[in-house]
>>> print(open('run_11.tsv').read())   # TSV, C-alpha atoms
chain	number	residue	atom	x	y	z
A	1	MET	CA	166.38	115.49	-62.24
A	2	GLN	CA	163.07	113.84	-61.47
A	3	LEU	CA	161.79	114.48	-65.02
A	4	MET	CA	164.59	112.27	-66.36
A	5	ALA	CA	163.12	109.19	-64.68
A	6	GLN	CA	160.82	106.69	-66.37
A	7	ARG	CA	157.90	107.66	-64.18
A	8	GLY	CA	156.99	109.57	-61.04
A	9	LEU	CA	154.60	108.63	-58.26
A	10	GLU	CA	153.98	112.08	-56.79
A	11	LYS	CA	150.24	112.91	-56.72
A	12	GLY	CA	149.38	110.23	-59.28
A	13	ILE	CA	151.50	108.23	-61.71
A	14	HIS	CA	153.17	110.34	-64.38
A	15	GLU	CA	155.38	109.38	-67.30
A	16	GLY	CA	158.87	110.87	-67.32
A	17	PHE	CA	161.38	111.26	-70.15
A	18	GLY	CA	162.85	107.85	-69.36
A	19	TRP	CA	166.44	108.99	-69.86
A	20	ILE	CA	167.47	107.51	-66.52
A	21	LYS	CA	166.04	104.11	-65.67
A	22	GLY	CA	164.15	104.29	-62.40
A	23	GLU	CA	161.16	105.79	-60.62
A	24	VAL	CA	160.54	108.85	-58.49
A	25	VAL	CA	159.28	107.44	-55.19
A	26	PRO	CA	158.39	108.92	-51.77
A	27	LEU	CA	161.14	109.11	-49.19
A	28	ALA	CA	160.86	106.38	-46.58
A	29	PRO	CA	163.54	106.82	-43.93
A	30	GLU	CA	164.11	103.91	-41.59
A	31	GLN	CA	163.74	106.10	-38.50
A	32	PRO	CA	160.07	107.13	-38.43
A	33	ASP	CA	160.87	110.27	-36.43
A	34	LEU	CA	162.82	111.80	-39.31
A	35	LYS	CA	160.85	114.68	-40.79
A	36	ILE	CA	159.59	114.73	-44.37
A	37	PRO	CA	160.39	116.77	-46.50
A	38	HIS	CA	164.13	116.20	-46.26
A	39	MET	CA	164.82	119.90	-45.86
A	40	GLY	CA	168.15	121.58	-45.34
A	41	TRP	CA	171.87	121.09	-45.77
A	42	ASN	CA	173.36	117.65	-46.16
A	43	THR	CA	176.69	116.26	-47.33
A	44	LEU	CA	177.21	114.10	-50.41
A	45	SER	CA	178.66	110.65	-50.73
A	46	GLN	CA	180.22	110.15	-54.14
A	47	ASN	CA	179.40	106.90	-55.89
A	48	LYS	CA	181.36	107.53	-59.08
A	49	ASP	CA	183.99	109.87	-60.40
A	50	HIS	CA	182.61	112.57	-62.65
A	51	PRO	CA	183.90	115.94	-63.94
A	52	LEU	CA	180.99	117.53	-62.03
A	53	PHE	CA	182.81	116.92	-58.73
A	54	GLU	CA	186.14	118.39	-59.83
A	55	GLY	CA	187.73	120.20	-56.88
A	56	ILE	CA	184.66	119.71	-54.64
A	57	ASN	CA	185.20	118.23	-51.23
A	58	THR	CA	182.51	115.56	-50.70
A	59	GLY	CA	182.01	113.03	-47.90
A	60	PRO	CA	180.86	113.52	-44.28
A	61	ASN	CA	183.35	116.35	-43.69
A	62	GLY	CA	182.87	117.89	-47.10
A	63	LEU	CA	180.75	120.76	-48.38
A	64	HIS	CA	176.97	120.78	-48.03
A	65	ALA	CA	174.17	120.85	-50.60
A	66	TYR	CA	170.68	122.28	-50.01
A	67	PHE	CA	167.85	119.76	-50.28
A	68	VAL	CA	164.13	120.33	-50.09
A	69	HIS	CA	162.08	117.36	-51.30
A	70	SER	CA	159.77	114.52	-50.30
A	71	PHE	CA	160.47	112.23	-53.28
A	72	HIS	CA	163.65	111.00	-54.95
A	73	LEU	CA	164.71	109.17	-58.09
A	74	GLN	CA	165.42	105.59	-57.23
A	75	THR	CA	167.73	104.52	-60.05
A	76	ALA	CA	167.25	101.07	-61.52
A	77	THR	CA	170.99	100.70	-61.93
A	78	ASP	CA	173.83	101.80	-59.72
A	79	ALA	CA	175.66	102.88	-62.88
A	80	HIS	CA	173.55	106.05	-63.11
A	81	LEU	CA	173.93	107.02	-59.46
A	82	LEU	CA	176.78	109.54	-59.17
A	83	ALA	CA	176.25	110.62	-55.55
A	84	SER	CA	173.87	110.04	-52.66
A	85	ALA	CA	172.96	111.66	-49.37
A	86	ASP	CA	172.14	109.93	-46.10
A	87	TYR	CA	168.78	110.63	-44.45
A	88	GLY	CA	167.65	107.47	-42.76
A	89	GLN	CA	168.07	105.87	-46.16
A	90	LYS	CA	170.30	106.33	-49.18
A	91	ILE	CA	168.88	109.30	-51.07
A	92	THR	CA	169.74	109.86	-54.73
A	93	ALA	CA	171.54	113.20	-54.89
A	94	VAL	CA	173.16	113.22	-58.36
A	95	VAL	CA	172.43	111.07	-61.41
A	96	GLY	CA	174.31	110.95	-64.70
A	97	HIS	CA	174.18	109.15	-68.01
A	98	ASP	CA	176.01	110.00	-71.25
A	99	ASN	CA	175.94	113.80	-71.58
A	100	MET	CA	173.31	114.29	-68.87
A	101	VAL	CA	173.52	115.01	-65.18
A	102	GLY	CA	170.78	115.85	-62.72
A	103	THR	CA	170.78	116.84	-59.06
A	104	GLN	CA	168.09	116.39	-56.44
A	105	PHE	CA	169.46	119.27	-54.38
A	106	HIS	CA	169.45	122.86	-55.58
A	107	PRO	CA	172.92	123.85	-56.86
A	108	GLU	CA	171.75	127.44	-57.38
A	109	LYS	CA	170.96	127.59	-53.65
A	110	SER	CA	173.92	125.59	-52.37
A	111	GLN	CA	176.43	128.40	-52.01
A	112	LYS	CA	180.02	127.19	-52.43
A	113	LEU	CA	179.31	123.61	-53.48
A	114	GLY	CA	176.54	124.68	-55.85
A	115	LEU	CA	178.53	127.37	-57.60
A	116	ALA	CA	181.51	125.03	-58.03
A	117	MET	CA	179.25	122.37	-59.49
A	118	ILE	CA	177.60	124.79	-61.93
A	119	THR	CA	181.08	125.94	-63.00
A	120	ASN	CA	182.16	122.33	-63.53
A	121	PHE	CA	179.01	121.62	-65.52
A	122	LEU	CA	179.68	124.55	-67.85
A	123	ARG	CA	183.28	123.44	-68.41
A	124	TRP	CA	182.34	119.81	-68.93
A	125	LYS	CA	182.79	118.58	-72.51
A	126	PRO	CA	181.14	115.14	-72.64
B	1	MET	CA	172.05	111.10	-40.59
B	2	THR	CA	173.98	114.15	-41.54
B	3	LEU	CA	171.25	116.71	-42.13
B	4	LYS	CA	172.27	119.88	-40.31
B	5	THR	CA	170.20	122.16	-38.13
B	6	ARG	CA	169.44	125.46	-39.83
B	7	ILE	CA	169.87	129.02	-38.59
B	8	ILE	CA	167.50	131.42	-40.34
B	9	PRO	CA	167.78	135.20	-39.97
B	10	CYS	CA	164.48	136.93	-40.62
B	11	LEU	CA	164.16	140.38	-42.16
B	12	ASP	CA	160.95	142.37	-41.74
B	13	VAL	CA	160.41	144.30	-44.95
B	14	LYS	CA	157.98	147.18	-45.41
B	15	ASP	CA	157.50	148.92	-48.75
B	16	GLY	CA	160.74	147.36	-49.99
B	17	ARG	CA	162.82	148.50	-46.99
B	18	VAL	CA	164.14	146.62	-43.94
B	19	VAL	CA	162.27	147.71	-40.83
B	20	LYS	CA	164.71	149.10	-38.24
B	21	GLY	CA	167.66	148.31	-40.52
B	22	VAL	CA	170.55	145.89	-40.21
B	23	ASN	CA	173.78	146.96	-38.58
B	24	PHE	CA	176.04	143.94	-38.16
B	25	VAL	CA	178.31	144.87	-41.03
B	26	ASP	CA	179.21	148.13	-42.71
B	27	LEU	CA	176.40	148.42	-45.16
B	28	VAL	CA	176.15	151.35	-47.50
B	29	ASP	CA	172.40	151.28	-47.01
B	30	ALA	CA	171.29	149.51	-43.81
B	31	GLY	CA	167.69	149.57	-45.00
B	32	ASP	CA	168.22	147.75	-48.28
B	33	PRO	CA	166.99	144.15	-47.89
B	34	VAL	CA	169.16	142.95	-50.77
B	35	GLU	CA	172.32	144.30	-49.15
B	36	ALA	CA	171.34	142.63	-45.89
B	37	ALA	CA	170.65	139.37	-47.74
B	38	ILE	CA	174.07	139.49	-49.41
B	39	ALA	CA	175.71	140.02	-46.02
B	40	TYR	CA	173.86	137.05	-44.51
B	41	ASP	CA	174.75	134.91	-47.51
B	42	ALA	CA	178.40	135.74	-46.93
B	43	ALA	CA	178.03	135.11	-43.19
B	44	GLY	CA	176.88	131.54	-43.80
B	45	ALA	CA	173.18	131.78	-42.93
B	46	ASP	CA	171.46	128.52	-43.83
B	47	GLU	CA	168.34	130.20	-45.18
B	48	LEU	CA	166.88	133.67	-45.21
B	49	THR	CA	163.30	134.70	-44.53
B	50	PHE	CA	161.70	137.93	-45.71
B	51	LEU	CA	158.55	138.85	-43.88
B	52	ASP	CA	156.68	141.46	-45.88
B	53	ILE	CA	154.66	143.66	-43.54
B	54	THR	CA	153.68	146.20	-46.18
B	55	ALA	CA	150.19	147.37	-45.32
B	56	SER	CA	149.16	149.21	-48.46
B	57	HIS	CA	148.01	147.34	-51.50
B	58	GLU	CA	150.09	149.59	-53.78
B	59	GLY	CA	153.29	148.74	-51.94
B	60	ARG	CA	152.84	144.99	-52.26
B	61	ASP	CA	154.69	144.64	-55.56
B	62	THR	CA	157.94	145.88	-54.01
B	63	ILE	CA	158.60	142.45	-52.50
B	64	PHE	CA	158.85	140.80	-55.94
B	65	ASP	CA	161.65	143.17	-56.87
B	66	VAL	CA	163.42	142.54	-53.54
B	67	VAL	CA	163.22	138.77	-54.05
B	68	SER	CA	164.41	138.80	-57.65
B	69	ARG	CA	167.33	141.10	-56.88
B	70	THR	CA	168.23	138.87	-53.92
B	71	ALA	CA	168.17	135.76	-56.11
B	72	GLU	CA	170.53	137.48	-58.55
B	73	HIS	CA	173.15	137.97	-55.85
B	74	CYS	CA	172.58	135.23	-53.27
B	75	PHE	CA	172.95	131.49	-53.63
B	76	MET	CA	171.01	130.52	-50.53
B	77	PRO	CA	167.40	129.45	-49.99
B	78	VAL	CA	164.89	132.26	-49.44
B	79	THR	CA	161.44	132.07	-47.88
B	80	VAL	CA	158.95	134.90	-48.28
B	81	GLY	CA	155.96	135.45	-46.04
B	82	GLY	CA	153.37	138.15	-45.50
B	83	GLY	CA	150.25	138.82	-47.55
B	84	VAL	CA	150.35	135.56	-49.50
B	85	ARG	CA	146.70	134.94	-50.30
B	86	THR	CA	146.34	133.47	-53.79
B	87	ILE	CA	147.89	130.83	-56.03
B	88	GLU	CA	149.01	133.71	-58.24
B	89	ASP	CA	150.85	135.35	-55.28
B	90	ILE	CA	152.77	132.11	-54.78
B	91	ARG	CA	153.55	131.68	-58.45
B	92	LYS	CA	154.92	135.22	-58.69
B	93	LEU	CA	157.09	134.80	-55.60
B	94	LEU	CA	158.51	131.47	-56.79
B	95	LEU	CA	159.17	132.92	-60.25
B	96	SER	CA	160.91	135.89	-58.63
B	97	GLY	CA	163.31	133.45	-56.98
B	98	ALA	CA	161.75	132.47	-53.65
B	99	ASP	CA	162.17	128.82	-52.70
B	100	LYS	CA	159.35	128.68	-50.18
B	101	VAL	CA	156.41	130.87	-49.25
B	102	ALA	CA	155.04	131.28	-45.74
B	103	ILE	CA	151.29	131.58	-45.40
B	104	ASN	CA	149.45	132.76	-42.30
B	105	SER	CA	146.05	134.47	-42.45
B	106	ALA	CA	144.96	132.76	-45.68
B	107	ALA	CA	145.65	129.34	-44.14
B	108	VAL	CA	143.39	130.18	-41.22
B	109	SER	CA	140.53	131.68	-43.20
B	110	ASP	CA	140.64	129.05	-45.94
B	111	PRO	CA	142.57	125.88	-44.98
B	112	ASP	CA	141.79	124.37	-48.36
B	113	PHE	CA	144.05	127.03	-49.89
B	114	ILE	CA	147.02	125.14	-48.41
B	115	ALA	CA	145.87	121.91	-50.06
B	116	ARG	CA	145.46	123.66	-53.42
B	117	ALA	CA	148.83	125.39	-53.13
B	118	ALA	CA	150.58	122.13	-52.25
B	119	ASP	CA	148.88	120.37	-55.16
B	120	LYS	CA	150.06	123.08	-57.52
B	121	PHE	CA	153.63	123.65	-56.34
B	122	GLY	CA	154.45	120.70	-54.07
B	123	ASN	CA	154.37	120.51	-50.27
B	124	GLN	CA	158.07	121.30	-50.05
B	125	CYS	CA	157.60	125.00	-50.84
B	126	ILE	CA	154.52	125.63	-48.69
B	127	VAL	CA	155.34	126.86	-45.19
B	128	VAL	CA	152.45	127.57	-42.84
B	129	SER	CA	153.06	130.23	-40.21
B	130	VAL	CA	151.60	129.15	-36.91
B	131	ASP	CA	151.31	132.32	-34.83
B	132	ALA	CA	150.25	131.18	-31.39
B	133	LYS	CA	149.52	132.78	-28.05
B	134	ARG	CA	148.79	131.22	-24.70
B	135	ARG	CA	145.13	131.30	-23.81
B	136	THR	CA	144.38	133.71	-21.00
B	137	SER	CA	141.74	131.53	-19.41
B	138	TYR	CA	143.18	128.08	-19.89
B	139	SER	CA	142.51	125.29	-17.46
B	140	ALA	CA	144.08	121.87	-17.88
B	141	GLU	CA	140.64	120.33	-17.40
B	142	GLY	CA	139.29	122.13	-20.46
B	143	ASP	CA	138.41	119.49	-22.99
B	144	ASN	CA	140.06	118.89	-26.34
B	145	CYS	CA	142.19	121.97	-26.53
B	146	SER	CA	145.77	122.92	-25.86
B	147	GLU	CA	147.16	125.92	-24.04
B	148	TRP	CA	147.64	127.87	-27.26
B	149	GLU	CA	145.38	129.62	-29.70
B	150	ILE	CA	146.06	130.81	-33.27
B	151	PHE	CA	146.36	134.53	-34.00
B	152	THR	CA	146.39	136.22	-37.39
B	153	HIS	CA	147.19	139.68	-38.75
B	154	GLY	CA	150.59	139.91	-37.09
B	155	GLY	CA	149.27	138.68	-33.76
B	156	ARG	CA	146.49	141.23	-33.48
B	157	ARG	CA	143.51	139.04	-34.19
B	158	ALA	CA	142.49	136.06	-32.05
B	159	THR	CA	140.76	133.22	-33.85
B	160	GLY	CA	139.80	130.80	-31.10
B	161	ILE	CA	141.41	128.03	-33.19
B	162	ASP	CA	143.53	125.58	-31.24
B	163	ALA	CA	147.19	125.87	-32.23
B	164	LEU	CA	148.06	122.18	-31.97
B	165	GLU	CA	145.04	121.07	-33.91
B	166	PHE	CA	145.70	123.70	-36.55
B	167	ALA	CA	149.38	122.71	-36.90
B	168	HIS	CA	148.50	119.07	-37.19
B	169	ARG	CA	145.83	119.72	-39.80
B	170	MET	CA	148.09	121.96	-41.89
B	171	ALA	CA	150.83	119.31	-41.98
B	172	GLN	CA	148.27	116.73	-43.04
B	173	ILE	CA	146.77	118.68	-45.91
B	174	GLY	CA	149.94	120.00	-47.52
B	175	ALA	CA	152.25	122.20	-45.44
B	176	GLY	CA	155.85	121.09	-45.96
B	177	GLU	CA	157.10	123.02	-42.97
B	178	LEU	CA	155.68	124.95	-40.01
B	179	LEU	CA	157.03	128.27	-38.81
B	180	VAL	CA	155.93	128.30	-35.19
B	181	THR	CA	156.03	131.77	-33.64
B	182	SER	CA	155.11	132.48	-30.05
B	183	MET	CA	153.33	135.83	-30.09
B	184	ASP	CA	153.88	136.02	-26.32
B	185	ARG	CA	157.63	135.76	-26.73
B	186	ASP	CA	158.14	137.71	-29.95
B	187	GLY	CA	160.46	140.64	-29.22
B	188	THR	CA	160.97	139.71	-25.55
B	189	LYS	CA	164.48	138.18	-25.84
B	190	ILE	CA	163.65	135.67	-23.08
B	191	GLY	CA	163.72	132.61	-25.33
B	192	PHE	CA	161.32	130.50	-27.39
B	193	ASP	CA	158.07	129.18	-25.93
B	194	LEU	CA	159.60	125.70	-25.65
B	195	PRO	CA	156.46	123.81	-24.56
B	196	LEU	CA	154.65	125.23	-27.61
B	197	THR	CA	157.51	124.37	-29.96
B	198	SER	CA	157.95	120.81	-28.72
B	199	ALA	CA	154.21	120.15	-28.52
B	200	ILE	CA	153.92	120.94	-32.23
B	201	ALA	CA	157.25	119.44	-33.35
B	202	ASP	CA	156.44	116.16	-31.61
B	203	SER	CA	153.00	115.87	-33.16
B	204	VAL	CA	153.76	116.56	-36.86
B	205	ASN	CA	156.03	114.79	-39.32
B	206	VAL	CA	157.18	117.94	-41.13
B	207	PRO	CA	160.07	120.17	-40.01
B	208	VAL	CA	159.32	122.90	-37.48
B	209	ILE	CA	161.08	126.27	-37.34
B	210	ALA	CA	161.14	127.78	-33.85
B	211	SER	CA	160.55	131.53	-33.78
B	212	GLY	CA	159.91	134.36	-31.36
B	213	GLY	CA	161.90	135.41	-28.33
B	214	VAL	CA	165.57	134.71	-29.05
B	215	GLY	CA	167.88	136.86	-26.89
B	216	ASN	CA	171.01	134.74	-26.64
B	217	LEU	CA	172.70	131.70	-28.14
B	218	ASP	CA	171.52	129.30	-25.42
B	219	HIS	CA	167.99	130.02	-26.56
B	220	LEU	CA	168.89	128.63	-30.00
B	221	VAL	CA	170.29	125.47	-28.40
B	222	ASP	CA	167.13	125.08	-26.30
B	223	GLY	CA	164.91	125.48	-29.35
B	224	VAL	CA	166.51	122.40	-30.89
B	225	LYS	CA	167.28	120.28	-27.82
B	226	ILE	CA	164.13	121.01	-25.79
B	227	GLY	CA	161.82	122.41	-28.46
B	228	HIS	CA	162.77	119.70	-30.99
B	229	ALA	CA	162.85	122.24	-33.81
B	230	SER	CA	164.62	121.45	-37.10
B	231	ALA	CA	165.58	125.09	-37.58
B	232	VAL	CA	165.76	128.25	-35.50
B	233	LEU	CA	164.75	131.70	-36.65
B	234	ALA	CA	165.96	134.94	-35.12
B	235	ALA	CA	166.08	138.58	-36.07
B	236	SER	CA	167.46	141.23	-33.77
B	237	ILE	CA	170.35	139.24	-32.24
B	238	PHE	CA	171.82	139.02	-35.72
B	239	HIS	CA	170.67	142.31	-37.22
B	240	PHE	CA	172.26	144.39	-34.51
B	241	GLY	CA	175.45	142.39	-34.33
B	242	THR	CA	174.94	140.96	-30.86
B	243	TYR	CA	176.09	137.64	-32.31
B	244	THR	CA	177.31	136.52	-35.71
B	245	ILE	CA	175.84	133.54	-37.56
B	246	SER	CA	179.20	131.84	-37.18
B	247	GLU	CA	179.25	132.36	-33.38
B	248	ALA	CA	175.76	130.91	-33.19
B	249	LYS	CA	176.80	127.85	-35.18
B	250	THR	CA	179.91	127.28	-33.11
B	251	HIS	CA	177.88	127.55	-29.91
B	252	MET	CA	175.22	125.11	-31.11
B	253	GLN	CA	177.83	122.66	-32.39
B	254	ALA	CA	179.55	122.80	-28.99
B	255	HIS	CA	176.25	121.66	-27.50
B	256	GLY	CA	176.13	118.62	-29.74
B	257	ILE	CA	173.92	119.99	-32.52
B	258	PRO	CA	175.23	119.18	-36.02
B	259	MET	CA	175.76	122.44	-37.92
B	260	ARG	CA	177.05	123.40	-41.36
B	261	HIS	CA	180.38	125.18	-41.37
B	262	ASP	CA	181.19	125.48	-45.07
B	263	GLU	CA	183.57	128.26	-45.92
B	264	ILE	CA	181.58	130.58	-48.10
>>> encode(input="run_11.tsv", output="structure tokens")
Amino acid sequence: MQLMAQRGLEKGIHEGFGWIKGEVVPLAPEQPDLKIPHMGWNTLSQNKDHPLFEGINTGPNGLHAYFVHSFHLQTATDAHLLASADYGQKITAVVGHDNMVGTQFHPEKSQKLGLAMITNFLRWKP
Amino acid sequence: MTLKTRIIPCLDVKDGRVVKGVNFVDLVDAGDPVEAAIAYDAAGADELTFLDITASHEGRDTIFDVVSRTAEHCFMPVTVGGGVRTIEDIRKLLLSGADKVAINSAAVSDPDFIARAADKFGNQCIVVSVDAKRRTSYSAEGDNCSEWEIFTHGGRRATGIDALEFAHRMAQIGAGELLVTSMDRDGTKIGFDLPLTSAIADSVNVPVIASGGVGNLDHLVDGVKIGHASAVLAASIFHFGTYTISEAKTHMQAHGIPMRHDEI
């Protein structure tokens, strides 16, 4: 997902593909005692409807996704933000634009939610 | 904040086989690490750690096969530790399907290795194992050192290095997580060394995994509430079926710790 951004600020400034407007910036949670990396299982808050979420229970009582990262893609426009996670700040969890989607978490490591999302992605006909 | 506390079963693997075996479910082969991993995946473990204790150089390649077969069958995060000494070791483990690697002796003998590894692969996949033991001749008046000292080689070799200083330095130069094991408590079942765990967790800004000494579910609660750990690691209480992962989660949740209860 981070490669889709316009540029990334991790260990230097690097150009991205620029498919999603925005930059990959360090996490900066409001509570300073929150640990970085954001590591572990968190729930998703859906920002937009998308075939990727078909049949997946999101929200605070929904399924969990596995995150392990210190940076995230801050989208320039809310239109490309499909879902976020809460970790002392709003963290970009899923982005989408045209026939592209990207996730900050690891669907291949996110058990039930991840497998459902990969299935939805394969069935998706944009 | 809805990030959940993690429970991490740890499997000791030697020459591609689980040491002492795993008996909490009916496994065809209790010594096959991949079968054990599949069972833990199904049981809802939040991560899995393989600790490779293979001594011989020839046996070292077996872990790559274990990791890649695990990644084929399990959709959970896997950390691999033991004998990780070079950038190439890390690359091979990550390519095999590991999400994180845990580094112990190499971090002590060459701290710069951690910085290079983090530069190459990102801090998020570099775990430093902090194996600590209480000093035998510690006096509170002693200057500039804590009660704990770093050990390497599975706890057999003292280094004289201060555990708190070491932990702090590792987090600064590139460790994304610290696996803090009390060598005094390991295998004792009397609980984590909570002063050690909290001393480190309170002084670094990366997550800390508490390890060494778990004998019951209250110990897991203490590791988080008193030790301030972000995750708890245990081996025998799960391997031998004393408790299930689900029982552990329910117990921790009942004590106010947010846990993940997805149906798998």
>>> atom_distance(input="run_11.tsv", atom1="atom CA of B:Val204", atom2="atom CA of B:His168")
5.8 Å
>>> residues_around(input="run_11.tsv", residues="B:Leu196", least_positions_apart="4", cutoff="10 Å", atoms="only C-alpha atoms", output="PyMOL selection string")
chain B and resi 132-134+146-148+163-164+180-182+192+200-201+210+227
>>> closest_atom_pairs(input="run_11.tsv", of="chain B", to="chain A", cutoff="8 Å", atoms="only C-alpha atoms", output="JSON lines")
{"residue": "B:Met1", "atom": "CA", "partner": "A:Tyr87", "partner_atom": "CA", "distance": 5.1}
{"residue": "B:Thr2", "atom": "CA", "partner": "A:Asn42", "partner_atom": "CA", "distance": 5.8}
{"residue": "B:Leu3", "atom": "CA", "partner": "A:Asn42", "partner_atom": "CA", "distance": 4.6}
{"residue": "B:Lys4", "atom": "CA", "partner": "A:Trp41", "partner_atom": "CA", "distance": 5.6}
{"residue": "B:Thr5", "atom": "CA", "partner": "A:Gly40", "partner_atom": "CA", "distance": 7.5}
{"residue": "B:Arg6", "atom": "CA", "partner": "A:Gly40", "partner_atom": "CA", "distance": 6.9}
{"residue": "B:Asp46", "atom": "CA", "partner": "A:Trp41", "partner_atom": "CA", "distance": 7.7}
{"residue": "B:Cys74", "atom": "CA", "partner": "A:Lys109", "partner_atom": "CA", "distance": 7.8}
{"residue": "B:Phe75", "atom": "CA", "partner": "A:Lys109", "partner_atom": "CA", "distance": 4.4}
{"residue": "B:Met76", "atom": "CA", "partner": "A:Lys109", "partner_atom": "CA", "distance": 4.3}
{"residue": "B:Pro77", "atom": "CA", "partner": "A:Lys109", "partner_atom": "CA", "distance": 5.4}
{"residue": "B:Asp119", "atom": "CA", "partner": "A:Lys11", "partner_atom": "CA", "distance": 7.7}
{"residue": "B:Gln124", "atom": "CA", "partner": "A:His69", "partner_atom": "CA", "distance": 5.8}
{"residue": "B:Gly176", "atom": "CA", "partner": "A:Pro37", "partner_atom": "CA", "distance": 6.3}
{"residue": "B:Glu177", "atom": "CA", "partner": "A:Pro37", "partner_atom": "CA", "distance": 7.9}
{"residue": "B:Asn205", "atom": "CA", "partner": "A:Lys35", "partner_atom": "CA", "distance": 5.0}
{"residue": "B:Val206", "atom": "CA", "partner": "A:Lys35", "partner_atom": "CA", "distance": 4.9}
{"residue": "B:Pro207", "atom": "CA", "partner": "A:Lys35", "partner_atom": "CA", "distance": 5.6}
{"residue": "B:Arg260", "atom": "CA", "partner": "A:His64", "partner_atom": "CA", "distance": 7.2}
{"residue": "B:Asp262", "atom": "CA", "partner": "A:Leu63", "partner_atom": "CA", "distance": 5.8}
{"residue": "B:Glu263", "atom": "CA", "partner": "A:Lys112", "partner_atom": "CA", "distance": 7.5}
{"residue": "B:Ile264", "atom": "CA", "partner": "A:Lys112", "partner_atom": "CA", "distance": 5.7}
>>> write_last_selection(input="run_11.tsv", atoms="C-alpha atoms", output="CSV table (one decimal), in the frame of the given file")
chain,number,residue,atom,x,y,z
B,1,MET,CA,172.0,111.1,-40.6
B,2,THR,CA,174.0,114.2,-41.5
B,3,LEU,CA,171.2,116.7,-42.1
B,4,LYS,CA,172.3,119.9,-40.3
B,5,THR,CA,170.2,122.2,-38.1
B,6,ARG,CA,169.4,125.5,-39.8
B,46,ASP,CA,171.5,128.5,-43.8
B,74,CYS,CA,172.6,135.2,-53.3
B,75,PHE,CA,173.0,131.5,-53.6
B,76,MET,CA,171.0,130.5,-50.5
B,77,PRO,CA,167.4,129.4,-50.0
B,119,ASP,CA,148.9,120.4,-55.2
B,124,GLN,CA,158.1,121.3,-50.0
B,176,GLY,CA,155.8,121.1,-46.0
B,177,GLU,CA,157.1,123.0,-43.0
B,205,ASN,CA,156.0,114.8,-39.3
B,206,VAL,CA,157.2,117.9,-41.1
B,207,PRO,CA,160.1,120.2,-40.0
B,260,ARG,CA,177.0,123.4,-41.4
B,262,ASP,CA,181.2,125.5,-45.1
B,263,GLU,CA,183.6,128.3,-45.9
B,264,ILE,CA,181.6,130.6,-48.1
>>> atom_distance(input="run_11.tsv", atom1="atom CA of B:Ser109", atom2="atom CA of B:Ala55")
18.5 Å
>>> residues_around(input="run_11.tsv", residues="B:Leu27", least_positions_apart="2", cutoff="12 Å", atoms="only C-alpha atoms", output="list in words")
Gly21, Val22, Asn23, Phe24, Val25, Asp29, Ala30, Gly31, Asp32, Pro33, Val34, Glu35, Ala36, Ala37, Ile38, Ala39, Tyr40 and His239 of chain B
>>> atom_distance(input="run_11.tsv", atom1="atom CA of B:Ile226", atom2="atom CA of B:Pro195")
8.3 Å
>>> residues_near_point(input="run_11.tsv", point="(171.9, 112.0, -55.5)", cutoff="10 Å", atoms="all atoms listed in the file", output="VMD selection string")
chain A and resid 1 44 to 47 72 to 75 80 to 86 90 to 96 102 to 105
>>> residues_around(input="run_11.tsv", residues="A:Phe121", least_positions_apart="4", cutoff="9 Å", atoms="only C-alpha atoms", output="count of residues only")
6
>>> residues_around(input="run_11.tsv", residues="stretch 12-19 of chain A", least_positions_apart="4", cutoff="8 Å", atoms="all atoms listed in the file", output="tab-separated table (two decimals) with C-alpha atoms, in the frame of the given file")
chain	number	residue	atom	x	y	z
A	2	GLN	CA	163.07	113.84	-61.47
A	3	LEU	CA	161.79	114.48	-65.02
A	4	MET	CA	164.59	112.27	-66.36
A	5	ALA	CA	163.12	109.19	-64.68
A	6	GLN	CA	160.82	106.69	-66.37
A	7	ARG	CA	157.90	107.66	-64.18
A	8	GLY	CA	156.99	109.57	-61.04
A	97	HIS	CA	174.18	109.15	-68.01
